[in-house]
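model.txt, holding compact mmCIF, N, CA and C atoms:
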```
# COMPACT_ATOMS: atom_id res chain seq x y z
N MET A 24 23.61 29.21 -60.65
CA MET A 24 24.56 29.88 -59.78
C MET A 24 23.85 30.86 -58.85
N ARG A 25 22.92 31.65 -59.45
CA ARG A 25 22.18 32.64 -58.67
C ARG A 25 21.33 31.95 -57.61
N THR A 26 20.77 30.81 -57.90
CA THR A 26 19.95 30.06 -56.96
C THR A 26 20.81 29.56 -55.80
N THR A 27 22.02 29.15 -56.05
CA THR A 27 22.93 28.67 -55.02
C THR A 27 23.29 29.80 -54.05
N ILE A 28 23.53 30.98 -54.60
CA ILE A 28 23.87 32.13 -53.74
C ILE A 28 22.69 32.51 -52.87
N ILE A 29 21.49 32.50 -53.43
CA ILE A 29 20.30 32.84 -52.66
C ILE A 29 20.08 31.81 -51.56
N LEU A 30 20.28 30.53 -51.84
CA LEU A 30 20.14 29.49 -50.82
C LEU A 30 21.18 29.65 -49.71
N LEU A 31 22.42 29.95 -50.08
CA LEU A 31 23.46 30.16 -49.07
C LEU A 31 23.15 31.36 -48.18
N LEU A 32 22.69 32.45 -48.78
CA LEU A 32 22.30 33.63 -47.99
C LEU A 32 21.15 33.31 -47.04
N GLY A 33 20.21 32.55 -47.52
CA GLY A 33 19.07 32.14 -46.68
C GLY A 33 19.53 31.30 -45.49
N LEU A 34 20.47 30.38 -45.73
CA LEU A 34 21.00 29.55 -44.65
C LEU A 34 21.79 30.38 -43.64
N ILE A 35 22.58 31.33 -44.11
CA ILE A 35 23.36 32.18 -43.21
C ILE A 35 22.44 33.04 -42.35
N ILE A 36 21.43 33.63 -42.96
CA ILE A 36 20.50 34.48 -42.21
C ILE A 36 19.75 33.66 -41.16
N SER A 37 19.27 32.48 -41.52
CA SER A 37 18.54 31.67 -40.55
C SER A 37 19.46 31.15 -39.44
N ALA A 38 20.73 30.87 -39.76
CA ALA A 38 21.68 30.42 -38.74
C ALA A 38 21.99 31.53 -37.75
N CYS A 39 22.10 32.76 -38.25
CA CYS A 39 22.38 33.90 -37.36
C CYS A 39 21.19 34.24 -36.49
N ASN A 40 20.00 33.99 -36.98
CA ASN A 40 18.79 34.31 -36.23
C ASN A 40 18.63 33.37 -35.04
N GLY A 41 19.06 32.15 -35.15
CA GLY A 41 18.98 31.19 -34.05
C GLY A 41 17.58 30.76 -33.71
N GLY A 42 16.64 30.96 -34.59
CA GLY A 42 15.28 30.50 -34.34
C GLY A 42 14.56 31.32 -33.28
N GLY A 43 15.12 32.42 -32.83
CA GLY A 43 14.43 33.26 -31.85
C GLY A 43 14.54 32.79 -30.42
N SER A 44 15.25 31.70 -30.14
CA SER A 44 15.30 31.19 -28.77
C SER A 44 16.25 31.98 -27.88
N GLN A 45 17.27 32.58 -28.41
CA GLN A 45 18.26 33.32 -27.61
C GLN A 45 17.65 34.53 -26.91
N PRO A 46 16.93 35.42 -27.64
CA PRO A 46 16.40 36.60 -26.97
C PRO A 46 15.41 36.28 -25.86
N SER A 47 14.55 35.26 -26.04
CA SER A 47 13.59 34.98 -24.98
C SER A 47 14.28 34.48 -23.72
N GLY A 48 15.35 33.70 -23.86
CA GLY A 48 16.10 33.25 -22.68
C GLY A 48 16.75 34.41 -21.96
N THR A 49 17.27 35.36 -22.69
CA THR A 49 17.88 36.54 -22.11
C THR A 49 16.85 37.36 -21.36
N GLN A 50 15.67 37.50 -21.94
CA GLN A 50 14.61 38.25 -21.28
C GLN A 50 14.21 37.58 -19.97
N ALA A 51 14.14 36.26 -19.96
CA ALA A 51 13.74 35.55 -18.75
C ALA A 51 14.73 35.82 -17.62
N ILE A 52 16.02 35.88 -17.94
CA ILE A 52 17.02 36.14 -16.91
C ILE A 52 16.91 37.57 -16.41
N SER A 53 16.75 38.52 -17.32
CA SER A 53 16.71 39.93 -16.90
C SER A 53 15.42 40.26 -16.17
N GLN A 54 14.34 39.50 -16.39
CA GLN A 54 13.08 39.77 -15.71
C GLN A 54 13.02 39.14 -14.32
N GLU A 55 13.93 38.20 -14.04
CA GLU A 55 13.95 37.54 -12.74
C GLU A 55 14.30 38.57 -11.67
N LYS A 56 13.49 38.66 -10.63
CA LYS A 56 13.69 39.66 -9.58
C LYS A 56 14.57 39.10 -8.47
N LEU A 57 15.66 39.78 -8.17
CA LEU A 57 16.53 39.38 -7.09
C LEU A 57 16.21 40.23 -5.86
N GLU A 58 15.95 39.58 -4.76
CA GLU A 58 15.64 40.28 -3.51
C GLU A 58 16.94 40.70 -2.83
N PRO A 59 16.98 41.87 -2.21
CA PRO A 59 18.20 42.33 -1.54
C PRO A 59 18.49 41.52 -0.28
N VAL A 60 19.77 41.43 0.06
CA VAL A 60 20.17 40.79 1.31
C VAL A 60 20.71 41.87 2.23
N ALA A 61 20.31 41.82 3.50
CA ALA A 61 20.76 42.82 4.47
C ALA A 61 20.54 42.28 5.87
N PHE A 62 21.41 42.73 6.80
CA PHE A 62 21.17 42.41 8.21
C PHE A 62 21.54 43.61 9.06
N ASP A 63 20.87 43.72 10.19
CA ASP A 63 21.14 44.79 11.15
C ASP A 63 21.50 44.16 12.48
N PHE A 64 22.57 44.68 13.09
CA PHE A 64 23.00 44.20 14.39
C PHE A 64 22.53 45.14 15.49
N LEU A 65 22.17 44.57 16.63
CA LEU A 65 21.81 45.39 17.79
C LEU A 65 23.00 46.25 18.20
N GLU A 66 24.19 45.65 18.17
CA GLU A 66 25.44 46.36 18.47
C GLU A 66 26.49 45.89 17.48
N GLU A 67 27.33 46.82 17.04
CA GLU A 67 28.42 46.46 16.13
C GLU A 67 29.76 46.47 16.86
N ILE A 68 29.81 47.14 18.00
CA ILE A 68 31.00 47.16 18.86
C ILE A 68 30.53 46.90 20.28
N TYR A 69 31.16 45.93 20.94
CA TYR A 69 30.80 45.65 22.33
C TYR A 69 32.00 45.93 23.21
N ASN A 70 31.78 46.69 24.29
CA ASN A 70 32.84 47.04 25.23
C ASN A 70 32.71 46.17 26.48
N PHE A 71 33.72 45.35 26.74
CA PHE A 71 33.73 44.50 27.93
C PHE A 71 34.10 45.29 29.19
N GLY A 72 34.58 46.51 29.02
CA GLY A 72 34.99 47.30 30.17
C GLY A 72 36.39 46.90 30.63
N GLU A 73 36.60 46.94 31.95
CA GLU A 73 37.91 46.62 32.51
C GLU A 73 38.00 45.12 32.81
N LEU A 74 39.08 44.50 32.31
CA LEU A 74 39.31 43.06 32.50
C LEU A 74 40.72 42.84 33.01
N LYS A 75 40.94 41.69 33.65
CA LYS A 75 42.28 41.28 34.05
C LYS A 75 42.85 40.38 32.98
N ALA A 76 44.15 40.52 32.71
CA ALA A 76 44.80 39.67 31.72
C ALA A 76 44.59 38.20 32.09
N GLY A 77 44.27 37.40 31.11
CA GLY A 77 44.02 35.97 31.33
C GLY A 77 42.54 35.64 31.41
N GLU A 78 41.69 36.64 31.57
CA GLU A 78 40.26 36.37 31.61
C GLU A 78 39.75 36.00 30.22
N LYS A 79 38.77 35.10 30.21
CA LYS A 79 38.04 34.79 28.98
C LYS A 79 36.61 35.26 29.19
N VAL A 80 36.14 36.09 28.28
CA VAL A 80 34.78 36.63 28.38
C VAL A 80 34.02 36.32 27.09
N ILE A 81 32.71 36.31 27.20
CA ILE A 81 31.86 35.92 26.08
C ILE A 81 30.80 37.00 25.83
N TYR A 82 30.56 37.27 24.57
CA TYR A 82 29.46 38.15 24.20
C TYR A 82 28.80 37.56 22.95
N THR A 83 27.48 37.69 22.87
CA THR A 83 26.74 37.21 21.70
C THR A 83 26.15 38.40 20.95
N PHE A 84 26.62 38.58 19.72
CA PHE A 84 26.06 39.60 18.84
C PHE A 84 24.79 39.03 18.22
N VAL A 85 23.71 39.81 18.24
CA VAL A 85 22.43 39.38 17.68
C VAL A 85 22.12 40.26 16.47
N PHE A 86 21.66 39.62 15.41
CA PHE A 86 21.29 40.37 14.21
C PHE A 86 19.93 39.93 13.69
N THR A 87 19.32 40.79 12.89
CA THR A 87 18.04 40.51 12.26
C THR A 87 18.23 40.56 10.75
N ASN A 88 17.67 39.60 10.05
CA ASN A 88 17.69 39.60 8.60
C ASN A 88 16.64 40.62 8.14
N THR A 89 17.09 41.77 7.69
CA THR A 89 16.18 42.85 7.27
C THR A 89 15.99 42.89 5.76
N GLY A 90 16.58 41.95 5.04
CA GLY A 90 16.43 41.90 3.58
C GLY A 90 15.28 41.01 3.18
N GLY A 91 15.15 40.83 1.89
CA GLY A 91 14.08 40.01 1.35
C GLY A 91 14.50 38.60 0.99
N SER A 92 15.76 38.24 1.26
CA SER A 92 16.28 36.91 0.93
C SER A 92 16.86 36.23 2.16
N ASP A 93 17.02 34.92 2.07
CA ASP A 93 17.64 34.16 3.15
C ASP A 93 19.10 34.57 3.30
N ILE A 94 19.62 34.42 4.54
CA ILE A 94 21.02 34.69 4.82
C ILE A 94 21.64 33.44 5.43
N ARG A 95 22.85 33.12 4.96
CA ARG A 95 23.63 32.04 5.57
C ARG A 95 25.03 32.59 5.83
N ILE A 96 25.41 32.67 7.11
CA ILE A 96 26.76 33.09 7.48
C ILE A 96 27.70 31.97 7.06
N GLU A 97 28.77 32.33 6.36
CA GLU A 97 29.69 31.31 5.86
C GLU A 97 31.07 31.38 6.47
N LYS A 98 31.44 32.57 6.96
CA LYS A 98 32.81 32.71 7.46
C LYS A 98 32.87 33.83 8.48
N ALA A 99 33.68 33.63 9.50
CA ALA A 99 34.00 34.67 10.48
C ALA A 99 35.49 34.58 10.70
N GLU A 100 36.17 35.71 10.52
CA GLU A 100 37.63 35.68 10.65
C GLU A 100 38.14 36.92 11.36
N SER A 101 39.25 36.71 12.09
CA SER A 101 39.91 37.77 12.82
C SER A 101 41.41 37.58 12.68
N GLU A 102 42.13 38.69 12.73
CA GLU A 102 43.59 38.59 12.68
C GLU A 102 44.16 38.24 14.05
N CYS A 103 43.35 38.35 15.09
CA CYS A 103 43.81 38.07 16.45
C CYS A 103 43.38 36.67 16.88
N SER A 104 44.34 35.88 17.33
CA SER A 104 44.01 34.54 17.82
C SER A 104 43.29 34.61 19.16
N CYS A 105 43.16 35.82 19.71
CA CYS A 105 42.47 36.01 20.99
C CYS A 105 40.95 35.89 20.85
N LEU A 106 40.44 35.91 19.63
CA LEU A 106 38.99 35.80 19.40
C LEU A 106 38.64 34.43 18.84
N GLU A 107 37.61 33.84 19.43
CA GLU A 107 37.04 32.60 18.91
C GLU A 107 35.59 32.92 18.57
N ILE A 108 35.24 32.79 17.30
CA ILE A 108 33.91 33.21 16.84
C ILE A 108 33.15 31.99 16.34
N SER A 109 31.93 31.85 16.82
CA SER A 109 31.05 30.79 16.31
C SER A 109 29.73 31.44 15.93
N TYR A 110 29.00 30.81 15.02
CA TYR A 110 27.78 31.41 14.51
C TYR A 110 26.77 30.34 14.13
N ASP A 111 25.51 30.79 14.01
CA ASP A 111 24.44 29.91 13.56
C ASP A 111 24.76 29.47 12.14
N GLU A 112 24.68 28.18 11.88
CA GLU A 112 24.97 27.69 10.54
C GLU A 112 23.71 27.48 9.72
N GLU A 113 22.55 27.57 10.36
CA GLU A 113 21.32 27.38 9.59
C GLU A 113 20.97 28.67 8.85
N ILE A 114 20.09 28.54 7.89
CA ILE A 114 19.64 29.69 7.10
C ILE A 114 18.77 30.58 7.98
N ILE A 115 19.01 31.89 7.88
CA ILE A 115 18.19 32.87 8.59
C ILE A 115 17.22 33.47 7.58
N ARG A 116 15.95 33.24 7.76
CA ARG A 116 14.91 33.72 6.85
C ARG A 116 14.69 35.23 7.05
N PRO A 117 14.08 35.92 6.08
CA PRO A 117 13.77 37.35 6.26
C PRO A 117 12.98 37.58 7.56
N ASP A 118 13.36 38.60 8.29
CA ASP A 118 12.81 38.98 9.60
C ASP A 118 13.23 38.02 10.72
N GLY A 119 14.02 37.00 10.41
CA GLY A 119 14.52 36.08 11.42
C GLY A 119 15.74 36.66 12.13
N LYS A 120 16.11 36.04 13.24
CA LYS A 120 17.27 36.49 14.03
C LYS A 120 18.37 35.44 14.00
N GLY A 121 19.60 35.92 14.06
CA GLY A 121 20.76 35.04 14.11
C GLY A 121 21.71 35.52 15.20
N LYS A 122 22.69 34.68 15.53
CA LYS A 122 23.63 35.01 16.61
C LYS A 122 25.06 34.68 16.21
N LEU A 123 25.99 35.50 16.72
CA LEU A 123 27.42 35.25 16.61
C LEU A 123 27.99 35.30 18.02
N LYS A 124 28.57 34.21 18.46
CA LYS A 124 29.14 34.15 19.81
C LYS A 124 30.64 34.40 19.71
N VAL A 125 31.11 35.37 20.51
CA VAL A 125 32.53 35.73 20.51
C VAL A 125 33.12 35.44 21.88
N VAL A 126 34.17 34.63 21.90
CA VAL A 126 34.93 34.38 23.13
C VAL A 126 36.24 35.15 22.99
N TYR A 127 36.47 36.04 23.94
CA TYR A 127 37.66 36.90 23.91
C TYR A 127 38.59 36.48 25.04
N ASP A 128 39.80 36.05 24.68
CA ASP A 128 40.81 35.61 25.65
C ASP A 128 41.86 36.73 25.78
N THR A 129 41.95 37.29 26.98
CA THR A 129 42.84 38.44 27.21
C THR A 129 44.26 38.04 27.63
N SER A 130 44.58 36.77 27.57
CA SER A 130 45.92 36.31 27.97
C SER A 130 47.01 37.05 27.20
N GLY A 131 47.99 37.59 27.93
CA GLY A 131 49.13 38.26 27.32
C GLY A 131 48.85 39.66 26.82
N GLN A 132 47.67 40.17 27.06
CA GLN A 132 47.34 41.51 26.58
C GLN A 132 47.38 42.51 27.72
N PHE A 133 47.48 43.80 27.36
CA PHE A 133 47.39 44.87 28.34
C PHE A 133 46.96 46.15 27.65
N GLY A 134 46.38 47.04 28.44
CA GLY A 134 45.99 48.35 27.92
C GLY A 134 44.70 48.30 27.12
N ALA A 135 44.45 49.40 26.41
CA ALA A 135 43.24 49.51 25.60
C ALA A 135 43.31 48.54 24.42
N GLN A 136 42.29 47.76 24.28
CA GLN A 136 42.22 46.76 23.20
C GLN A 136 41.00 47.02 22.32
N PHE A 137 41.20 46.88 21.04
CA PHE A 137 40.13 47.00 20.04
C PHE A 137 40.36 45.86 19.05
N GLN A 138 39.54 44.83 19.13
CA GLN A 138 39.72 43.63 18.31
C GLN A 138 38.57 43.52 17.31
N MET A 139 38.90 43.64 16.04
CA MET A 139 37.89 43.54 14.98
C MET A 139 37.83 42.14 14.39
N PHE A 140 36.66 41.82 13.86
CA PHE A 140 36.51 40.60 13.08
C PHE A 140 35.50 40.85 11.98
N ARG A 141 35.56 40.02 10.96
CA ARG A 141 34.70 40.19 9.79
C ARG A 141 33.89 38.93 9.58
N ILE A 142 32.61 39.14 9.28
CA ILE A 142 31.76 38.01 8.91
C ILE A 142 31.36 38.18 7.45
N SER A 143 31.14 37.06 6.82
CA SER A 143 30.78 37.05 5.41
C SER A 143 29.63 36.06 5.22
N ALA A 144 28.66 36.48 4.41
CA ALA A 144 27.47 35.66 4.19
C ALA A 144 27.11 35.64 2.70
N ASN A 145 26.32 34.65 2.33
CA ASN A 145 25.78 34.55 0.97
C ASN A 145 26.85 34.70 -0.10
N ASN A 146 27.85 33.84 -0.04
CA ASN A 146 28.95 33.83 -1.02
C ASN A 146 29.69 35.15 -1.09
N GLY A 147 29.83 35.82 0.03
CA GLY A 147 30.58 37.07 0.09
C GLY A 147 29.82 38.30 -0.36
N SER A 148 28.54 38.15 -0.67
CA SER A 148 27.76 39.31 -1.11
C SER A 148 27.35 40.20 0.07
N LEU A 149 27.51 39.69 1.27
CA LEU A 149 27.16 40.43 2.48
C LEU A 149 28.33 40.31 3.45
N ILE A 150 28.96 41.46 3.76
CA ILE A 150 30.13 41.48 4.64
C ILE A 150 29.91 42.51 5.72
N LYS A 151 30.33 42.17 6.95
CA LYS A 151 30.15 43.10 8.07
C LYS A 151 31.37 43.01 8.99
N ASP A 152 31.88 44.17 9.40
CA ASP A 152 32.95 44.23 10.38
C ASP A 152 32.34 44.55 11.74
N LEU A 153 32.74 43.78 12.74
CA LEU A 153 32.29 43.97 14.12
C LEU A 153 33.53 44.03 15.01
N ALA A 154 33.36 44.44 16.27
CA ALA A 154 34.53 44.54 17.15
C ALA A 154 34.13 44.39 18.61
N VAL A 155 35.13 44.00 19.41
CA VAL A 155 35.02 44.02 20.87
C VAL A 155 36.16 44.89 21.39
N THR A 156 35.90 45.56 22.51
CA THR A 156 36.92 46.40 23.13
C THR A 156 37.00 46.08 24.61
N ALA A 157 38.13 46.46 25.21
CA ALA A 157 38.31 46.27 26.66
C ALA A 157 39.54 47.05 27.10
N GLU A 158 39.59 47.32 28.38
CA GLU A 158 40.79 47.86 29.02
C GLU A 158 41.34 46.72 29.85
N VAL A 159 42.48 46.16 29.41
CA VAL A 159 43.03 44.97 30.06
C VAL A 159 44.15 45.36 31.02
N LYS A 160 43.97 44.97 32.27
CA LYS A 160 44.98 45.20 33.31
C LYS A 160 45.83 43.95 33.42
N ASN A 161 47.15 44.14 33.35
CA ASN A 161 48.06 43.01 33.42
C ASN A 161 49.10 43.30 34.50
N GLU A 162 49.07 42.54 35.59
CA GLU A 162 49.97 42.74 36.71
C GLU A 162 51.41 42.43 36.36
N ASN A 163 51.64 41.65 35.31
CA ASN A 163 52.99 41.27 34.92
C ASN A 163 53.68 42.31 34.06
N ILE A 164 52.93 43.30 33.61
CA ILE A 164 53.50 44.35 32.77
C ILE A 164 53.28 45.69 33.47
N ILE A 165 54.38 46.42 33.62
CA ILE A 165 54.30 47.73 34.25
C ILE A 165 54.19 48.78 33.15
N TYR A 166 53.14 49.54 33.19
CA TYR A 166 52.95 50.60 32.23
C TYR A 166 52.26 51.77 32.90
N GLN A 167 52.44 52.92 32.35
CA GLN A 167 51.85 54.13 32.97
C GLN A 167 50.99 54.87 32.01
```

Hey, can you dump this file as C-alpha cells for me?
Amino acid sequence: MRTTIILLLGLIISACNGGGSQPSGTQAISQEKLEPVAFDFLEEIYNFGELKAGEKVIYTFVFTNTGGSDIRIEKAESECSCLEISYDEEIIRPDGKGKLKVVYDTSGQFGAQFQMFRISANNGSLIKDLAVTAEVKNENIIYQ
C-alpha cells in the first residue's frame, strides 16, 4: 500500500513539473525584443486657404517611419464624405517615407471648415489623427 502511494505521488509530481519545457518556452517569449513603431508627419494639419464651393483640391501628407519596425497603413477613415483618402499600401521600412493623398471636395460647404481623418497602421497599434482646413466661399449661401 505504501509503495502504491509513493508511486502515485511520484507520478503527480512529475506530471505537474511538465518535464521543464514550459518555463523555457515562456522565457523565449519574454526575451524576444519588440521594436517600437512610430511615424512623424511633416504636417498634421494642412490649410488650403480660401476656396470656392465646388472646388476639389489635393494635398499629400508625407511621413517618415521613425520607429524600429516596418509600418503598413491599413485604414484611413473620415466622418465626412468630402474627403477621399488614399495611401501607400506597401510596407514602409524604418527611416523610409510614406504618403497619404487627400482629395477634399468643397461641394455644398461654406465658411470655416476643419475636416479630420484618422489613419491606422500595424493592426491598430499605431493611430494618427490628421486634418485639412479651408475657408469656403459659397455664392449660393448668404452669410455674414

Proximity of stretch 134-153 of chain A to stretch 82-98 of chain A: per-residue shortest pair, 6 Å limit, only N, CA and C atoms, as JSON lines:
```
{"residue": "A:Arg141", "atom": "C", "partner": "A:Lys98", "partner_atom": "C", "distance": 5.3}
{"residue": "A:Ile142", "atom": "CA", "partner": "A:Lys98", "partner_atom": "C", "distance": 4.3}
{"residue": "A:Ser143", "atom": "C", "partner": "A:Glu97", "partner_atom": "N", "distance": 4.0}
{"residue": "A:Ala144", "atom": "CA", "partner": "A:Glu97", "partner_atom": "N", "distance": 4.2}
{"residue": "A:Asn145", "atom": "N", "partner": "A:Arg95", "partner_atom": "C", "distance": 4.3}
```

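Across the structure, atom C of A:Val125 and atom N of A:Leu106 are spaced 7.7 Å apart.
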
Two-atom distance - atom C of A:Val60, atom C of A:Arg116 (Å): 10.2 Å

DSSP strand (DSSP E or B) residues within stretch 92-158 of chain A, as a PyMOL selection string: chain A and resi 94+96-100+106-110+115+120-128+134-144+149-158

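Going from atom N of A:Thr129 to atom C of A:Val159 covers 9.3 Å.
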